[in-house]
Every structure is written in C-alpha cells, then in structure tokens.
file target.cif (mmCIF, C-alpha atoms)
data_target
#
loop_
_atom_site.label_atom_id
_atom_site.label_comp_id
_atom_site.auth_asym_id
_atom_site.auth_seq_id
_atom_site.Cartn_x
_atom_site.Cartn_y
_atom_site.Cartn_z
CA MET U 143 -31.10 -7.08 -8.76
CA THR U 144 -27.65 -5.90 -7.64
CA SER U 145 -25.25 -8.85 -7.49
CA VAL U 146 -22.57 -8.85 -4.78
CA SER U 147 -19.79 -11.36 -4.20
CA ILE U 148 -18.31 -11.37 -0.70
CA VAL U 149 -14.77 -12.74 -0.40
CA VAL U 150 -13.72 -13.86 3.09
CA PRO U 151 -10.15 -15.14 3.57
CA THR U 152 -9.88 -17.57 6.48
CA TYR U 153 -7.31 -19.46 8.46
CA ARG U 154 -8.58 -21.28 11.52
CA GLU U 155 -11.81 -19.28 11.74
CA ALA U 156 -14.26 -22.18 12.11
CA ALA U 157 -15.66 -20.75 15.37
CA SER U 158 -16.53 -17.41 13.74
CA LEU U 159 -17.87 -18.56 10.39
CA PRO U 160 -21.38 -19.74 11.47
CA HIS U 161 -22.11 -16.35 13.04
CA LEU U 162 -20.82 -14.47 9.99
CA ILE U 163 -22.84 -16.59 7.57
CA ASP U 164 -25.99 -16.10 9.66
CA ARG U 165 -25.56 -12.31 9.52
CA ILE U 166 -24.94 -12.38 5.77
CA ALA U 167 -28.07 -14.52 5.31
CA LYS U 168 -30.09 -11.90 7.19
CA LEU U 169 -28.53 -9.20 5.02
CA ARG U 170 -29.69 -11.04 1.90
CA ASP U 171 -33.25 -11.02 3.21
CA ASP U 172 -33.30 -7.46 4.54
CA ALA U 173 -31.36 -5.56 1.85
CA GLY U 174 -32.70 -7.32 -1.22
CA LEU U 175 -29.21 -7.99 -2.58
CA HIS U 176 -28.24 -11.02 -4.64
CA VAL U 177 -25.29 -12.08 -2.49
CA ASP U 178 -22.91 -15.00 -2.86
CA LEU U 179 -20.11 -15.84 -0.45
CA LEU U 180 -16.64 -17.19 -1.22
CA VAL U 181 -14.77 -18.53 1.80
CA MET U 182 -11.12 -18.74 0.79
CA ASP U 183 -9.57 -21.04 3.39
CA ASP U 184 -5.82 -21.61 3.63
CA ASP U 185 -6.12 -25.32 4.48
CA SER U 186 -6.97 -24.63 8.13
CA ARG U 187 -7.85 -28.23 9.01
CA ASP U 188 -9.87 -26.91 11.94
CA GLY U 189 -13.31 -28.15 10.95
CA THR U 190 -14.02 -25.46 8.36
CA VAL U 191 -14.57 -28.04 5.59
CA GLU U 192 -17.05 -30.02 7.71
CA LEU U 193 -18.81 -26.85 8.83
CA MET U 194 -19.34 -25.56 5.29
CA ALA U 195 -20.48 -29.00 4.09
CA ALA U 196 -23.15 -29.05 6.81
CA ARG U 197 -24.52 -25.62 5.92
CA ALA U 198 -27.61 -25.46 3.72
CA GLU U 199 -26.85 -22.16 1.95
CA PRO U 200 -26.28 -22.79 -1.78
CA TRP U 201 -24.88 -19.27 -2.14
CA ALA U 202 -21.96 -19.97 0.23
CA GLN U 203 -18.95 -21.70 -1.34
CA LEU U 204 -15.74 -22.94 0.25
CA VAL U 205 -12.42 -22.96 -1.61
CA VAL U 206 -9.57 -24.76 0.18
CA ARG U 207 -6.22 -23.35 -0.88
CA THR U 208 -3.07 -25.46 -0.47
CA ARG U 209 -0.64 -23.36 -2.54
CA ASP U 210 0.56 -19.77 -2.29
CA ARG U 211 -1.17 -19.43 1.05
CA GLY U 212 -1.52 -16.06 2.76
CA LEU U 213 -4.19 -13.47 3.32
CA SER U 214 -3.50 -11.25 0.32
CA PRO U 215 -3.08 -14.10 -2.21
CA ALA U 216 -6.30 -15.64 -0.85
CA VAL U 217 -8.18 -12.37 -1.40
CA VAL U 218 -6.83 -11.94 -4.94
CA ASP U 219 -7.71 -15.56 -5.75
CA GLY U 220 -11.24 -15.00 -4.43
CA LEU U 221 -11.70 -11.76 -6.37
CA ARG U 222 -10.67 -13.51 -9.57
CA ARG U 223 -13.23 -16.25 -8.96
CA ALA U 224 -16.03 -13.87 -7.98
CA ARG U 225 -18.87 -13.28 -10.44
CA GLY U 226 -20.83 -10.45 -8.80
CA ASP U 227 -20.99 -6.97 -10.30
CA PHE U 228 -19.70 -5.66 -6.97
CA LEU U 229 -16.92 -7.31 -4.97
CA VAL U 230 -16.67 -7.05 -1.19
CA VAL U 231 -13.79 -8.21 1.01
CA MET U 232 -14.12 -8.62 4.76
CA ASP U 233 -12.59 -10.56 7.66
CA ALA U 234 -14.17 -13.66 9.14
CA ASP U 235 -13.53 -12.72 12.77
CA LEU U 236 -16.69 -10.57 13.13
CA SER U 237 -14.70 -7.34 13.42
CA HIS U 238 -16.37 -6.03 10.24
CA PRO U 239 -20.14 -5.50 10.23
CA PRO U 240 -21.75 -7.10 7.13
CA GLU U 241 -24.75 -4.85 7.78
CA ARG U 242 -22.68 -1.97 6.33
CA ILE U 243 -22.23 -3.67 2.95
CA PRO U 244 -25.24 -1.84 1.41
CA ALA U 245 -23.59 1.47 2.36
CA LEU U 246 -20.39 0.40 0.58
CA ILE U 247 -22.39 -0.51 -2.53
CA ASP U 248 -24.26 2.80 -2.40
CA ALA U 249 -20.91 4.64 -2.34
CA LEU U 250 -19.78 2.81 -5.48
CA GLU U 251 -23.08 3.50 -7.23
CA SER U 252 -22.74 7.20 -6.39
CA GLY U 253 -19.47 7.43 -8.34
CA PHE U 254 -16.63 6.28 -6.09
CA ASP U 255 -14.03 3.89 -7.54
CA PHE U 256 -13.40 2.18 -4.22
CA ALA U 257 -15.29 2.09 -0.89
CA LEU U 258 -13.64 1.46 2.49
CA GLY U 259 -15.24 0.63 5.79
CA SER U 260 -13.43 3.21 7.92
CA ARG U 261 -12.78 3.49 11.64
CA TYR U 262 -11.37 6.99 11.46
CA VAL U 263 -13.93 9.13 9.63
CA GLU U 264 -16.76 10.89 11.43
CA GLY U 265 -19.13 8.25 12.78
CA GLY U 266 -16.49 5.51 12.74
CA THR U 267 -15.67 3.83 16.06
CA THR U 268 -13.61 1.01 17.52
CA ALA U 269 -14.24 -1.35 20.41
CA ASP U 270 -13.88 0.24 23.86
CA ASP U 271 -11.00 -2.04 24.83
CA TRP U 272 -8.87 -1.14 21.82
CA GLY U 273 -5.54 -0.50 23.56
CA PHE U 274 -3.27 2.48 22.97
CA LEU U 275 -0.48 0.37 21.48
CA ARG U 276 -2.88 -1.18 18.97
CA TRP U 277 -4.15 2.29 18.08
CA LEU U 278 -0.56 3.55 17.74
CA ASN U 279 0.37 0.63 15.50
CA SER U 280 -2.58 1.41 13.23
CA ARG U 281 -1.72 5.11 13.08
CA ILE U 282 1.94 4.45 12.21
CA ALA U 283 0.92 2.02 9.45
CA THR U 284 -1.50 4.64 8.12
CA ALA U 285 1.21 7.32 8.11
CA LEU U 286 3.53 5.02 6.17
CA ALA U 287 0.81 4.60 3.52
CA ARG U 288 0.44 8.37 3.03
CA PRO U 289 2.61 8.53 -0.13
CA PHE U 290 0.12 6.26 -1.88
CA THR U 291 -3.28 7.50 -0.71
CA SER U 292 -4.79 10.26 1.41
CA VAL U 293 -7.64 8.18 2.87
CA ARG U 294 -7.79 8.04 6.64
CA ASP U 295 -8.04 4.28 7.05
CA PRO U 296 -6.08 2.57 4.24
CA MET U 297 -5.39 -0.32 6.62
CA SER U 298 -9.05 -1.37 6.55
CA GLY U 299 -9.66 -4.96 5.50
CA PHE U 300 -13.34 -4.21 4.78
CA PHE U 301 -13.86 -2.73 1.32
CA ALA U 302 -15.74 -2.95 -1.95
CA LEU U 303 -15.08 -2.25 -5.62
CA ARG U 304 -16.67 -3.00 -8.96
CA ARG U 305 -15.58 -6.16 -10.75
CA ALA U 306 -14.76 -3.97 -13.75
CA THR U 307 -12.41 -1.92 -11.55
CA PHE U 308 -10.64 -5.05 -10.33
CA ALA U 309 -10.29 -6.26 -13.92
CA ARG U 310 -8.02 -3.34 -14.75
CA ALA U 311 -5.59 -4.08 -11.90
CA ALA U 312 -1.99 -3.89 -13.07
CA ALA U 313 0.67 -6.36 -11.93
CA LEU U 314 -0.84 -7.35 -8.58
CA ASP U 315 2.00 -8.37 -6.29
CA PRO U 316 0.65 -8.27 -2.73
CA VAL U 317 2.54 -9.40 0.33
CA GLY U 318 1.29 -9.36 3.91
CA TYR U 319 -2.19 -8.55 5.06
CA LYS U 320 -3.13 -5.12 3.63
CA ILE U 321 -4.56 -5.85 0.21
CA ALA U 322 -6.80 -2.75 0.05
CA LEU U 323 -3.79 -0.45 -0.38
CA GLU U 324 -2.48 -2.67 -3.19
CA LEU U 325 -5.79 -2.50 -5.03
CA ILE U 326 -6.20 1.26 -4.60
CA VAL U 327 -2.78 1.80 -6.17
CA LYS U 328 -2.78 -0.93 -8.84
CA CYS U 329 -6.39 -0.38 -9.96
CA GLY U 330 -5.75 3.35 -10.33
CA CYS U 331 -8.57 4.32 -7.95
CA GLN U 332 -8.82 8.11 -7.80
CA ARG U 333 -12.05 8.48 -5.83
CA VAL U 334 -12.06 6.44 -2.62
CA GLY U 335 -15.07 6.74 -0.35
CA GLU U 336 -14.80 6.01 3.38
CA ILE U 337 -17.93 4.67 5.05
CA PRO U 338 -18.00 4.85 8.87
CA ILE U 339 -18.17 1.49 10.63
CA HIS U 340 -17.89 0.19 14.17
CA PHE U 341 -14.81 -2.03 14.34
CA GLU U 342 -15.21 -4.86 16.86
CA ASN U 343 -12.49 -6.95 18.47
CA ARG U 344 -12.44 -10.56 17.37
CA ARG U 345 -14.70 -12.81 19.44
CA TYR U 346 -13.24 -16.21 18.62
CA GLY U 347 -9.82 -17.57 17.76
CA GLU U 348 -6.49 -15.77 17.80
CA SER U 349 -5.24 -12.69 15.97
CA LYS U 350 -3.05 -13.31 12.92
CA LEU U 351 -1.36 -9.90 13.25
CA THR U 352 2.17 -10.90 14.25
CA LEU U 353 5.45 -9.02 14.12
CA ARG U 354 6.29 -11.03 11.00
CA GLU U 355 3.16 -9.73 9.28
CA GLN U 356 4.02 -6.16 10.25
CA LEU U 357 7.48 -6.56 8.71
CA ARG U 358 5.85 -7.96 5.59
CA TYR U 359 3.77 -4.79 5.46
CA LEU U 360 6.98 -2.77 5.23
CA GLN U 361 8.09 -5.07 2.40
CA HIS U 362 4.75 -4.41 0.72
CA LEU U 363 5.27 -0.64 0.98
CA ARG U 364 8.65 -1.02 -0.68
CA ARG U 365 7.09 -2.89 -3.61
CA LEU U 366 4.43 -0.23 -4.00
CA GLY U 367 7.09 2.47 -3.79
CA LEU U 368 9.07 0.86 -6.60
CA TYR U 369 5.88 0.50 -8.64
CA ARG U 370 4.79 4.11 -8.25
CA PHE U 371 8.06 6.02 -7.76
CA GLY U 372 10.62 3.71 -9.35
CA ALA U 373 11.23 6.03 -12.30
CA ARG U 374 12.09 9.00 -10.11
CA PRO U 375 15.72 10.13 -9.76
CA PRO U 376 17.49 8.59 -6.75
CA LEU U 377 17.79 11.94 -4.94
CA ALA U 378 14.05 12.60 -5.33
CA ARG U 379 13.26 9.17 -3.86
CA PHE U 380 15.68 9.85 -1.00
CA LEU U 381 14.01 13.17 -0.16
CA SER U 382 10.48 11.73 -0.42
CA ILE U 383 11.30 8.85 1.90
CA GLY U 384 13.09 11.21 4.29
CA ALA U 385 10.04 13.47 4.51
CA LEU U 386 7.84 10.48 5.31
CA GLY U 387 10.33 9.32 7.94
CA THR U 388 10.21 12.74 9.60
CA VAL U 389 6.43 12.54 9.96
CA VAL U 390 6.63 9.03 11.42
CA ASN U 391 9.49 9.99 13.74
CA LEU U 392 7.60 12.95 15.24
CA ALA U 393 4.35 10.98 15.54
CA VAL U 394 6.01 8.10 17.40
CA LEU U 395 8.00 10.52 19.59
CA THR U 396 4.84 12.38 20.62
CA ALA U 397 2.97 9.15 21.32
CA LEU U 398 5.80 7.73 23.47
CA LEU U 399 5.98 10.96 25.47
CA ALA U 400 2.22 10.69 26.07
CA LEU U 401 2.83 7.17 27.42
CA GLY U 402 5.21 8.65 30.02
CA LEU U 403 8.59 7.75 28.54
CA GLY U 404 11.47 10.13 29.15
CA PRO U 405 12.97 12.21 26.34
CA PRO U 406 15.95 9.90 25.57
CA LEU U 407 13.78 6.78 25.18
CA ALA U 408 11.03 8.63 23.31
CA LEU U 409 13.57 10.13 20.91
CA ALA U 410 15.22 6.75 20.38
CA GLY U 411 11.86 5.10 19.75
CA GLY U 412 10.90 7.63 17.09
CA ILE U 413 14.27 7.26 15.39
CA VAL U 414 14.16 3.44 15.34
CA VAL U 415 10.62 3.21 13.95
CA SER U 416 11.22 5.79 11.23
CA MET U 417 14.57 4.22 10.36
CA LEU U 418 13.01 0.77 9.93
CA GLY U 419 10.31 2.25 7.71
CA ASN U 420 12.86 4.08 5.57
CA LEU U 421 15.00 0.97 5.18
CA ALA U 422 11.97 -1.06 4.16
CA LEU U 423 11.08 1.48 1.49
CA THR U 424 14.62 1.73 0.10
CA GLY U 425 15.28 -2.01 0.33
CA GLN U 426 19.05 -1.51 0.19
CA SER U 427 20.99 -3.77 2.53
CA SER U 428 24.06 -1.61 1.99
CA ALA U 429 22.24 1.28 3.65
CA TYR U 430 21.93 -0.36 7.07
CA GLY U 431 25.33 0.82 8.31
CA ALA U 432 24.75 4.39 7.19
CA ALA U 433 21.25 4.37 8.67
CA GLY U 434 22.64 3.17 12.00
CA LEU U 435 25.26 5.89 12.03
CA GLY U 436 22.64 8.47 11.01
CA GLY U 437 20.41 7.29 13.85
CA VAL U 438 23.21 7.68 16.41
CA VAL U 439 23.99 11.18 15.11
CA ASN U 440 20.27 11.99 15.18
CA LEU U 441 19.88 10.98 18.82
CA ALA U 442 23.10 12.66 19.94
CA THR U 443 22.20 15.92 18.21
CA SER U 444 18.67 15.92 19.65
CA LEU U 445 19.94 15.35 23.19
CA ALA U 446 22.63 18.00 22.73
CA ALA U 447 20.01 20.50 21.58
CA LEU U 448 17.93 19.79 24.70
CA HIS U 449 21.02 20.17 26.89
CA VAL U 450 21.95 23.54 25.36
CA ALA U 451 18.36 24.82 25.32
CA PRO U 452 16.38 23.00 28.05
CA ARG U 453 13.18 24.94 27.26
CA LEU U 454 13.25 23.92 23.60
CA PRO U 455 10.22 21.76 22.69
CA ILE U 456 11.39 18.18 22.31
CA GLN U 457 9.89 17.96 18.81
CA ALA U 458 12.02 20.94 17.76
CA ALA U 459 15.11 19.23 19.20
CA ALA U 460 14.12 16.11 17.24
CA LEU U 461 14.04 18.16 14.04
CA PHE U 462 17.65 19.28 14.65
CA GLY U 463 18.60 15.63 15.11
CA ILE U 464 16.68 14.55 12.01
CA ALA U 465 18.50 17.19 9.96
CA ALA U 466 21.91 16.04 11.24
CA GLY U 467 21.09 12.37 10.63
CA ALA U 468 19.78 13.19 7.16
CA LEU U 469 23.10 14.81 6.26
CA ILE U 470 24.91 11.60 7.22
CA ASN U 471 22.47 9.49 5.23
CA LEU U 472 22.67 11.84 2.24
CA ALA U 473 26.46 11.69 2.27
CA ALA U 474 26.31 7.89 2.35
CA HIS U 475 23.71 7.93 -0.44
CA ARG U 476 25.93 10.12 -2.63
CA PHE U 477 28.94 7.94 -1.88
CA GLN U 478 27.06 4.79 -2.90
CA THR U 479 25.94 6.53 -6.11
CA PHE U 480 29.54 7.56 -6.82
CA ARG U 481 30.79 4.02 -6.26
CA ALA U 482 28.10 2.54 -8.47
CA ARG U 483 28.98 4.87 -11.35
CA HIS U 484 32.72 5.43 -11.11
CA VAL U 485 34.43 2.70 -9.04
CA ARG U 486 35.52 -0.30 -11.03
CA PRO U 487 34.70 -3.60 -9.25
CA ARG U 488 37.57 -5.86 -8.30
#

call {"tool": "encode", "arguments": {"input": "target.cif", "output": "structure tokens"}}
result
Amino acid sequence: MTSVSIVVPTYREAASLPHLIDRIAKLRDDAGLHVDLLVMDDDSRDGTVELMAARAEPWAQLVVRTRDRGLSPAVVDGLRRARGDFLVVMDADLSHPPERIPALIDALESGFDFALGSRYVEGGTTADDWGFLRWLNSRIATALARPFTSVRDPMSGFFALRRATFARAAALDPVGYKIALELIVKCGCQRVGEIPIHFENRRYGESKLTLREQLRYLQHLRRLGLYRFGARPPLARFLSIGALGTVVNLAVLTALLALGLGPPLALAGGIVVSMLGNLALTGQSSAYGAAGLGGVVNLATSLAALHVAPRLPIQAAALFGIAAGALINLAAHRFQTFRARHVRPR
C-alpha cells in the first residue's frame, strides 16, 4: 500500500485541526492510502496539545517545537521526521483540500518530481471573496519567483514530493513562509506538475500573512538568487534583476490603473514595488541611495514622456522611465565596482 506522510505546520490552529483530521481520516478510508499525520506546532499554547491528546487516531502525531520556530523550519523539521514514501505538506486552516492528495500522488507516480496544488491552472479556483489586493499580492510574488521556476503557482503551500527527492535537497536555508519554492530549487526538481484545487479562505483563527512575512519572502528570494546565480558576473546579475523588475513594474502599474489610480500614483506604485524587489534580490545596503535616485529619475522621465506625448500608452512611458532609471543604477553599480577594485580604503 502507498505510504503517505502529511506534514502540517501549525501556530494557534486548534480550532481548525479537528476538522482537518476528520477529513484526513475519511481520506484514509476512501482512497486506500496508508496515511500518517505530523502536526508540527510552534508552541501555540492554545489547546493544541490537549486536543491532540484527546484524539483517538494513532496515525496522528503532535510535535511541539520550542526552538527555531517559523513555518518553513517547521515544515523542514516535519519532512525530516516523516517516514512515508510520499511526503505531503499542507496548511491547517482548511484552505487546502486533503481530498486532492491522491491526485498529487498520482502526478508523482506518473513521473513528476514535484506536485503542486495550484489555484492558477485550468480547473483551479479560489474563494469568491478573494479580494483584488490579495490576488495582486499573490501575482506579484509569483512574478518575483519567475527566475527560479516557470510554474504558475509557486506560492502554493500545498504540495507533494517523494521522500527520496527530499533526501537530495542541498543546503536548505528557508526563511519566511514559501517553502515549496525552496524545495523546487534545492532538490533540483525539473518536472513540476500542477494539480488544480479550489483554494478556500480560512474558516477559523487569524491569517499569519503579515507585512513582516512578505518582507521575509523577499529575503528568501535573495538567498535563492545567491544560491542559483551567485557565480554569475556582477553585470549579468544586474541585468537579470533589472529585467525581472521591469516585469513587476509594468504588472503593478497596470493593476493600479485598473483600480482607478491616476497615472502619477500608478507609476510611483510600480516603481516602488519593483525597486523593493530589486533591492531584496541584490541585498546591498549601499545601493539604496542609488535606487532612490533611479526611482526619482524613472518617475520624472515617465511623466515627462506623457507630457510631451499625451497619447502615448502609459506602459510605453513607463518603459522610457525604466530605461532612464536603469542608466542611473548602472552608473552607480559600475562606480561601486570601481571603488571595490581600485580605491584603497582609509
């Protein structure tokens, strides 16, 4: 019988856990899978320990973690403890349907290295009250992950892989809440299958997706960038990051225009978001001043282009601004390289 270990990281999810465990128990009966459950709790102290002690399922185990707490470390810890041939990770908040686990396993058995429960492939859906800003946040995060994978929903927290695939992971160093992207890159997964799911809003408790976690995601992207592209020449890294920033800039600009913002605010929003992403990927504190100056030049050039040619599409004006800002940033980049190589420190 196929053995599956399900790893569920939790922090103050005691209200959701009974419903999740009941659905997994039904899955065990209906799908004929040998399933065990690892609840990796970050010392919630919300009744999770008492709840799990009162449950009668011998296949459900609780691990209370008091050190190195965080969603990604909890997942990695759980995957290392898991003993199933197939490893599944999902959230405890009932946003991920455990009924789709057999489809994830089927994808792995058909030859995929990694299987994602995806909202964005054909057949995938999200809850009706998923707001535009939440959708926009997800799309921007997905665009920022494009240098590492071409899958449509790399932000998914619902995924599966073989234990043998996880065993070959190199130098896992996750930070933040998006562990799937880390595993795809560090396990060398070439074939990633996306299985359509319906993504529900959480029913109990509060969301853990804070601004701090989103900033940690940018830090995570920088680590992955150093891991995958660290050996590239500095200019090549600069151009790669600039190309990604252009995509993000235009996507945010278009979305803000659709929300009804005027051209100056929409242009500024696109510049700020792309600039923050670029700074996170470069990780150079010395670049903040140059990036700020480049952003000002970018906005001024874009507005000047619209003033000179009022019928010019705003995205085209943005490209003129991006080019002007890039020249400023490139000059600063070359100056920093010159100083590092030829200027003797005091």

call {"tool": "residues_around", "arguments": {"input": "target.cif", "residues": "Gly419 in chain U", "least_positions_apart": "6", "cutoff": "9 Å", "atoms": "all atoms listed in the file", "output": "ChimeraX atom specification"}}
result
/U:286,360,363,383,386-387,390

call {"tool": "write_last_selection", "arguments": {"input": "target.cif", "atoms": "C-alpha atoms", "output": "mmCIF file, keeping the file's coordinate frame"}}
result
data_model
loop_
_atom_site.group_PDB
_atom_site.id
_atom_site.type_symbol
_atom_site.label_atom_id
_atom_site.label_comp_id
_atom_site.auth_asym_id
_atom_site.auth_seq_id
_atom_site.Cartn_x
_atom_site.Cartn_y
_atom_site.Cartn_z
ATOM 1 C CA LEU U 286 3.530 5.020 6.170
ATOM 2 C CA LEU U 360 6.980 -2.770 5.230
ATOM 3 C CA LEU U 363 5.270 -0.640 0.980
ATOM 4 C CA ILE U 383 11.300 8.850 1.900
ATOM 5 C CA LEU U 386 7.840 10.480 5.310
ATOM 6 C CA GLY U 387 10.330 9.320 7.940
ATOM 7 C CA VAL U 390 6.630 9.030 11.420
#

call {"tool": "closest_residue", "arguments": {"input": "target.cif", "among": "U:Gln203, U:Ser237, U:Asn440, U:Ser214", "to": "Ile321 in chain U", "atoms": "all atoms listed in the file"}}
result
U:Ser214

call {"tool": "resolve_selection", "arguments": {"input": "target.cif", "expression": "the PyMOL selection byres ((chain U and resi 180) around 8)", "output": "list in words"}}
result
Ser147, Ile148, Val149, Val150, Asp178, Leu179, Val181, Met182, Ala202, Gln203, Leu204, Val205, Gly220 and Ala224 of chain U

call {"tool": "atom_distance", "arguments": {"input": "target.cif", "atom1": "CA of Phe300 in chain U", "atom2": "CA of His238 in chain U"}}
result
6.5 Å

call {"tool": "closest_residue", "arguments": {"input": "target.cif", "among": "U:Ala466, U:Ile282, U:Met232, U:Ala312", "to": "Ala397 in chain U", "atoms": "all atoms listed in the file"}}
result
U:Ile282

call {"tool": "closest_residue", "arguments": {"input": "target.cif", "among": "U:Ile166, U:Met297, U:Ala309, U:Met417", "to": "Thr284 in chain U", "atoms": "all atoms listed in the file"}}
result
U:Met297

call {"tool": "closest_residue", "arguments": {"input": "target.cif", "among": "U:Ala173, U:Ala216, U:Leu236, U:Cys329", "to": "Glu155 in chain U", "atoms": "only C-alpha atoms"}}
result
U:Leu236

call {"tool": "atom_distance", "arguments": {"input": "target.cif", "atom1": "CA of Arg242 in chain U", "atom2": "CA of Ile339 in chain U"}}
result
7.1 Å

call {"tool": "decode", "arguments": {"input": "target.cif", "residues": "range 172-205 of chain U", "atoms": "C-alpha atoms", "output": "PDB file, in the first residue's frame"}}
result
ATOM      1  CA  ASP U 172     -11.924   6.256   0.858  1.00  0.00           C
ATOM      2  CA  ALA U 173      -8.586   6.354  -1.008  1.00  0.00           C
ATOM      3  CA  GLY U 174      -6.974   3.264   0.479  1.00  0.00           C
ATOM      4  CA  LEU U 175      -3.782   5.138   1.365  1.00  0.00           C
ATOM      5  CA  HIS U 176      -1.592   4.372   4.361  1.00  0.00           C
ATOM      6  CA  VAL U 177      -1.523   7.908   5.770  1.00  0.00           C
ATOM      7  CA  ASP U 178       0.175   9.288   8.858  1.00  0.00           C
ATOM      8  CA  LEU U 179      -0.053  12.883  10.038  1.00  0.00           C
ATOM      9  CA  LEU U 180       2.650  15.024  11.632  1.00  0.00           C
ATOM     10  CA  VAL U 181       1.363  18.206  13.271  1.00  0.00           C
ATOM     11  CA  MET U 182       4.374  20.467  13.734  1.00  0.00           C
ATOM     12  CA  ASP U 183       3.223  23.033  16.279  1.00  0.00           C
ATOM     13  CA  ASP U 184       5.297  26.094  17.168  1.00  0.00           C
ATOM     14  CA  ASP U 185       4.401  26.015  20.876  1.00  0.00           C
ATOM     15  CA  SER U 186       0.989  27.614  20.307  1.00  0.00           C
ATOM     16  CA  ARG U 187      -0.292  27.102  23.861  1.00  0.00           C
ATOM     17  CA  ASP U 188      -3.831  27.402  22.523  1.00  0.00           C
ATOM     18  CA  GLY U 189      -5.137  23.961  23.425  1.00  0.00           C
ATOM     19  CA  THR U 190      -3.479  22.101  20.553  1.00  0.00           C
ATOM     20  CA  VAL U 191      -1.634  19.736  22.946  1.00  0.00           C
ATOM     21  CA  GLU U 192      -4.849  18.864  24.810  1.00  0.00           C
ATOM     22  CA  LEU U 193      -6.772  18.456  21.562  1.00  0.00           C
ATOM     23  CA  MET U 194      -4.259  16.027  20.067  1.00  0.00           C
ATOM     24  CA  ALA U 195      -4.034  14.062  23.334  1.00  0.00           C
ATOM     25  CA  ALA U 196      -7.812  13.591  23.300  1.00  0.00           C
ATOM     26  CA  ARG U 197      -7.896  12.295  19.721  1.00  0.00           C
ATOM     27  CA  ALA U 198      -8.016   8.543  19.206  1.00  0.00           C
ATOM     28  CA  GLU U 199      -6.113   8.388  15.895  1.00  0.00           C
ATOM     29  CA  PRO U 200      -2.809   6.531  16.388  1.00  0.00           C
ATOM     30  CA  TRP U 201      -1.640   7.753  12.980  1.00  0.00           C
ATOM     31  CA  ALA U 202      -1.763  11.430  14.032  1.00  0.00           C
ATOM     32  CA  GLN U 203       1.295  12.692  15.927  1.00  0.00           C
ATOM     33  CA  LEU U 204       1.966  16.078  17.510  1.00  0.00           C
ATOM     34  CA  VAL U 205       5.451  17.580  17.710  1.00  0.00           C
TER      35      VAL U 205
END
